[in-house]
file coords-v4.txt (compact mmCIF, C-alpha atoms)
# COMPACT_ATOMS: atom_id res chain seq x y z
CA TRP A 201 94.58 84.52 65.41
CA HIS A 202 92.05 82.51 67.44
CA PHE A 203 89.39 83.63 69.90
CA GLY A 204 86.62 82.14 71.99
CA PRO A 205 84.81 81.77 75.32
CA THR A 206 86.37 80.30 78.45
CA ALA A 207 84.97 79.21 81.81
CA SER A 208 86.76 77.87 84.90
CA TYR A 209 86.12 76.38 88.29
CA ILE A 210 88.55 77.84 90.84
CA ASN A 211 89.34 76.94 94.43
CA THR A 212 91.32 79.61 96.27
CA SER A 213 92.62 80.55 99.68
CA ILE A 214 94.75 83.33 101.09
CA LYS A 215 97.89 83.07 103.22
CA LEU A 216 98.33 85.83 105.79
CA LYS A 217 101.75 86.45 107.34
CA SER A 218 102.30 88.77 110.26
CA GLY A 219 105.88 88.82 111.50
CA SER A 220 106.91 85.22 112.12
CA GLU A 221 103.32 83.93 112.28
CA SER A 222 101.32 82.77 109.27
CA VAL A 223 97.72 81.67 108.82
CA THR A 224 96.35 79.92 105.74
CA TYR A 225 92.62 80.41 105.36
CA HIS A 226 90.40 77.59 104.09
CA ASN A 227 89.79 77.25 100.36
CA MET A 228 86.58 78.53 98.81
CA SER A 229 85.04 77.57 95.48
CA GLY A 230 84.49 80.16 92.78
CA PHE A 231 84.49 80.64 89.03
CA GLN A 232 85.84 82.74 86.19
CA VAL A 233 84.20 83.35 82.84
CA GLY A 234 85.02 85.50 79.84
CA GLY A 235 86.60 85.65 76.43
CA PHE A 236 90.14 85.21 75.16
CA VAL A 237 92.27 85.78 72.08
CA GLU A 238 95.28 83.74 71.05
CA TYR A 239 98.02 84.60 68.59
CA GLU A 240 100.22 81.82 67.23
CA ILE A 241 103.77 83.22 67.32
CA ARG A 242 105.27 80.11 65.73
CA GLU A 243 103.90 76.70 65.01
CA TYR A 244 102.83 75.17 68.36
CA ILE A 245 103.78 78.29 70.38
CA GLY A 246 101.33 81.06 71.11
CA ILE A 247 100.40 83.88 73.45
CA GLN A 248 96.90 84.38 74.80
CA SER A 249 95.10 87.09 76.70
CA GLY A 250 91.56 88.19 77.40
CA VAL A 251 89.18 89.67 79.93
CA LEU A 252 87.48 87.48 82.52
CA PHE A 253 85.09 88.09 85.39
CA VAL A 254 86.33 86.24 88.50
CA MET A 255 84.53 85.38 91.72
CA SER A 256 86.96 83.94 94.28
CA GLY A 257 87.42 84.03 98.02
CA TYR A 258 88.57 82.42 101.22
CA GLN A 259 87.09 81.41 104.57
CA ALA A 260 88.12 80.72 108.15
CA GLU A 261 86.59 79.03 111.16
CA GLU A 262 88.83 80.35 113.92
CA GLY A 263 90.37 83.61 115.13
CA VAL A 264 90.88 86.13 112.35
CA ILE A 265 93.16 89.18 112.30
CA TYR A 266 91.38 92.23 110.92
CA LYS A 267 92.92 95.70 111.14
CA LYS A 268 95.53 94.40 113.65
CA GLN A 269 92.86 93.01 115.99
CA THR A 270 92.05 89.35 116.54
CA TYR A 271 88.39 88.38 116.47
CA ALA A 272 87.17 85.11 117.99
CA ILE A 273 84.67 83.92 115.43
CA ALA A 274 82.77 80.87 114.36
CA ARG A 275 83.04 81.58 110.63
CA GLU A 276 84.35 84.25 108.28
CA LYS A 277 83.78 84.28 104.52
CA THR A 278 85.16 86.74 102.01
CA ARG A 279 83.97 86.85 98.40
CA LEU A 280 86.08 88.82 95.93
CA PHE A 281 84.82 90.02 92.55
CA ASN A 282 87.50 90.98 90.02
CA LEU A 283 88.29 91.51 86.38
CA MET A 284 91.28 89.42 85.27
CA PHE A 285 93.68 90.15 82.42
CA PRO A 286 95.93 87.12 81.73
CA VAL A 287 99.10 87.12 79.60
CA ILE A 288 99.80 83.43 79.00
CA ILE A 289 102.48 81.74 76.88
CA GLU A 290 101.27 78.39 75.57
CA GLY A 291 103.20 75.51 74.01
CA LYS A 292 101.56 72.55 72.24
CA ILE A 293 102.84 69.03 71.62
CA PRO A 294 100.74 67.65 68.71
CA ILE A 295 99.51 64.05 68.68
CA GLY A 296 97.23 63.70 65.63
CA ASP A 297 94.03 65.73 66.21
CA PHE A 298 95.01 66.07 69.88
CA SER A 299 97.69 68.19 71.49
CA ILE A 300 99.14 68.34 74.98
CA ASN A 301 99.17 71.96 76.12
CA LEU A 302 101.58 73.58 78.59
CA GLU A 303 100.98 77.17 79.67
CA ALA A 304 102.39 79.72 82.07
CA GLY A 305 102.29 83.46 82.66
CA PRO A 306 101.13 86.34 84.83
CA GLN A 307 97.51 87.23 85.48
CA PHE A 308 96.56 90.75 86.57
CA TYR A 309 93.42 91.56 88.58
CA ALA A 310 91.36 94.71 89.09
CA GLY A 311 89.16 94.49 92.20
CA LEU A 312 85.52 95.41 91.68
CA ALA A 313 84.01 94.49 95.07
CA GLY A 314 84.77 92.38 98.11
CA ILE A 315 82.22 91.29 100.68
CA THR A 316 83.20 89.82 104.07
CA THR A 317 80.75 88.26 106.51
CA ILE A 318 81.88 87.41 110.06
CA ASN A 319 79.64 85.27 112.27
CA THR A 320 80.91 85.35 115.86
CA ILE A 321 80.62 82.63 118.49
CA ASN A 322 77.95 84.87 120.10
CA ASN A 323 75.80 84.58 116.94
CA GLU A 324 76.50 88.19 115.99
CA THR A 325 77.01 88.95 112.30
CA TYR A 326 79.23 91.68 110.87
CA ASN A 327 79.25 92.56 107.18
CA TYR A 328 81.98 94.53 105.43
CA ASN A 329 80.53 95.55 102.09
CA ASP A 330 83.81 96.54 100.48
CA ILE A 331 86.92 94.90 101.89
CA TYR A 332 88.89 96.63 99.13
CA LYS A 333 88.13 99.96 100.79
CA ASP A 334 89.41 98.93 104.23
CA ALA A 335 91.89 96.07 103.93
CA LEU A 336 92.81 94.80 100.44
CA ASP A 337 94.48 96.44 97.45
CA ARG A 338 92.32 96.46 94.30
CA PHE A 339 95.35 95.35 92.25
CA ASN A 340 96.54 91.75 92.41
CA CYS A 341 98.85 89.52 90.39
CA ASP A 342 99.55 85.80 90.32
CA ILE A 343 101.53 83.41 88.12
CA HIS A 344 99.50 80.73 86.34
CA PHE A 345 100.88 77.27 85.51
CA GLY A 346 98.74 74.83 83.53
CA LEU A 347 98.78 71.46 81.79
CA GLY A 348 96.02 69.98 79.66
CA PHE A 349 94.94 68.81 76.27
CA GLN A 350 93.23 70.16 73.18
CA TYR A 351 91.07 68.37 70.62
CA LEU A 352 90.45 70.48 67.53
CA GLY A 353 89.02 73.72 69.02
CA ALA A 354 88.10 72.45 72.49
CA LYS A 355 90.65 72.51 75.30
CA PHE A 356 90.74 71.52 78.95
CA ILE A 357 93.47 72.77 81.31
CA LEU A 358 94.22 71.98 84.96
CA GLY A 359 96.39 74.57 86.67
CA TYR A 360 97.58 76.42 89.72
CA ASN A 361 97.62 80.18 90.28
CA LEU A 362 100.52 81.10 92.58
CA GLY A 363 100.00 84.37 94.47
CA VAL A 364 103.02 86.69 94.18
CA TYR A 365 101.60 90.10 95.14
CA ASN A 366 100.92 91.33 98.68
CA VAL A 367 97.27 92.40 98.51
CA LEU A 368 97.16 94.22 101.87
CA LYS A 369 96.47 97.96 101.68
CA LYS A 370 99.48 100.14 102.51
CA ASP A 371 97.52 102.55 104.72
CA ALA A 372 95.82 99.76 106.74
CA PHE A 373 98.79 97.41 107.31
CA ASP A 374 102.56 97.50 107.66
CA LYS A 375 103.48 95.84 104.35
CA SER A 376 107.10 95.42 105.45
CA SER A 377 106.09 92.87 108.12
CA GLU A 378 102.59 91.77 107.03
CA SER A 379 101.51 90.14 103.78
CA ALA A 380 98.57 88.33 102.22
CA LYS A 381 98.78 86.37 98.97
CA GLN A 382 95.92 84.54 97.25
CA SER A 383 96.58 81.23 95.47
CA GLY A 384 94.50 78.33 94.21
CA PHE A 385 93.69 75.59 91.76
CA VAL A 386 91.84 76.10 88.49
CA ALA A 387 90.11 73.81 85.97
CA THR A 388 89.41 75.53 82.65
CA PHE A 389 87.38 74.68 79.58
CA ALA A 390 87.71 76.86 76.48
CA TYR A 391 86.70 76.68 72.84
CA MET A 392 88.75 78.31 70.09
CA PHE A 393 87.36 79.53 66.78

call {"tool": "encode", "arguments": {"input": "coords-v4.txt", "output": "structure tokens"}}
result
Amino acid sequence: WHFGPTASYINTSIKLKSGSESVTYHNMSGFQVGGFVEYEIREYIGIQSGVLFVMSGYQAEEGVIYKKQTYAIAREKTRLFNLMFPVIIEGKIPIGDFSINLEAGPQFYAGLAGITTINTINNETYNYNDIYKDALDRFNCDIHFGLGFQYLGAKFILGYNLGVYNVLKKDAFDKSSESAKQSGFVATFAYMF
């Protein structure tokens, strides 16, 4: 068994599809921080999990669809605050005190809060204090893929989180023809004891 702290820089966006049209929002910087545990199943193969606090989001600078209406805006920003529970399989290729690490697996999210600010072209500002209440599902899932290296207990991983779950609320959208999936890049530093 190993355990330790982990912190990441993340850069995410969301892709919204409505019928045959799709809009990819601009990426927004965020972070994730927490603790993890790792169990070595066999030599150089392990499984890791943990609990992390995640602040992510997305932004747009054009028309935005909200509750089936299009708003002409100058800027829209959404910040999402979640707890994340990863289940990652990790393989290591040892090279002396170093190892090359490959990892992949699902990550599950529980939405805590989501704040959206819309600034219109008329300089009006609208705030939605809980986008999870009106538009997004509090549950989310993505698939993480990562590659990096480890030196003794310190490791650095670059990865991509591929959105696989439609985060739109069932009662606010027609999930058979509309979908929104959040994806993004991640750079992680962790230390194992």

call {"tool": "residues_around", "arguments": {"input": "coords-v4.txt", "residues": "Asp297 in chain A", "least_positions_apart": "2", "cutoff": "10 Å", "atoms": "all atoms listed in the file", "output": "PyMOL selection string"}}
result
chain A and resi 294-295+299+350-353

call {"tool": "axis_aligned_box", "arguments": {"input": "coords-v4.txt", "around": "range 249-253 of chain A", "padding_each_side": "4 Å", "output": "JSON"}}
result
{"center_x": 90.1, "center_y": 88.4, "center_z": 81.0, "size_x": 18.0, "size_y": 10.6, "size_z": 16.7}

call {"tool": "closest_atom_pairs", "arguments": {"input": "coords-v4.txt", "of": "range 260-348 of chain A", "to": "range 357-371 of chain A", "cutoff": "9 Å", "atoms": "all atoms listed in the file", "output": "tab-separated table"}}
result
residue	atom	partner	partner_atom	distance
A:Asn301	CA	A:Ile357	CA	7.8
A:Leu302	CA	A:Ile357	CA	8.6
A:Glu303	CA	A:Gly359	CA	8.8
A:Pro306	CA	A:Asn361	CA	8.9
A:Gln307	CA	A:Asn361	CA	8.5
A:Tyr332	CA	A:Lys369	CA	8.1
A:Lys333	CA	A:Lys369	CA	8.6
A:Asp334	CA	A:Lys369	CA	7.6
A:Ala335	CA	A:Lys369	CA	5.4
A:Leu336	CA	A:Leu368	CA	4.6
A:Asp337	CA	A:Lys369	CA	4.9
A:Arg338	CA	A:Val367	CA	7.7
A:Phe339	CA	A:Val367	CA	7.2
A:Asn340	CA	A:Tyr365	CA	6.0
A:Cys341	CA	A:Tyr365	CA	5.5
A:Asp342	CA	A:Gly363	CA	4.4
A:Ile343	CA	A:Leu362	CA	5.1
A:His344	CA	A:Asn361	CA	4.4
A:Phe345	CA	A:Gly359	CA	5.4
A:Gly346	CA	A:Gly359	CA	3.9
A:Leu347	CA	A:Ile357	CA	5.5
A:Gly348	CA	A:Ile357	CA	4.1

call {"tool": "closest_residue", "arguments": {"input": "coords-v4.txt", "among": "A:Val386, A:Ala207, A:Ile318, A:Val237", "to": "Pro286 in chain A", "atoms": "all atoms listed in the file"}}
result
A:Val237

call {"tool": "closest_residue", "arguments": {"input": "coords-v4.txt", "among": "A:Phe285, A:Ala387, A:Glu221, A:Ile300", "to": "Ile245 in chain A", "atoms": "all atoms listed in the file"}}
result
A:Ile300

call {"tool": "atom_distance", "arguments": {"input": "coords-v4.txt", "atom1": "CA of Gly246 in chain A", "atom2": "CA of Ile288 in chain A"}}
result
8.4 Å

call {"tool": "closest_residue", "arguments": {"input": "coords-v4.txt", "among": "A:Ser376, A:Thr278, A:Thr388, A:Asn323", "to": "Met228 in chain A", "atoms": "all atoms listed in the file"}}
result
A:Thr278

call {"tool": "residues_around", "arguments": {"input": "coords-v4.txt", "residues": "Gly234 in chain A", "least_positions_apart": "2", "cutoff": "12 Å", "atoms": "all atoms listed in the file", "output": "MDAnalysis selection string"}}
result
chainID A and resid 203:208 231:232 236:237 249:255 282:286 388:391

call {"tool": "closest_residue", "arguments": {"input": "coords-v4.txt", "among": "A:Ile241, A:Trp201, A:Asp330, A:Gly219", "to": "Asp374 in chain A", "atoms": "all atoms listed in the file"}}
result
A:Gly219

call {"tool": "atom_distance", "arguments": {"input": "coords-v4.txt", "atom1": "CA of Ser379 in chain A", "atom2": "CA of Tyr225 in chain A"}}
result
13.3 Å

call {"tool": "atom_distance", "arguments": {"input": "coords-v4.txt", "atom1": "CA of Phe385 in chain A", "atom2": "CA of Ser218 in chain A"}}
result
24.3 Å

call {"tool": "closest_residue", "arguments": {"input": "coords-v4.txt", "among": "A:Gly296, A:Tyr244, A:Glu276, A:Tyr309", "to": "Gln382 in chain A", "atoms": "all atoms listed in the file"}}
result
A:Tyr309

call {"tool": "closest_residue", "arguments": {"input": "coords-v4.txt", "among": "A:Phe308, A:Phe373, A:Tyr328, A:Phe356", "to": "Lys217 in chain A", "atoms": "all atoms listed in the file"}}
result
A:Phe373
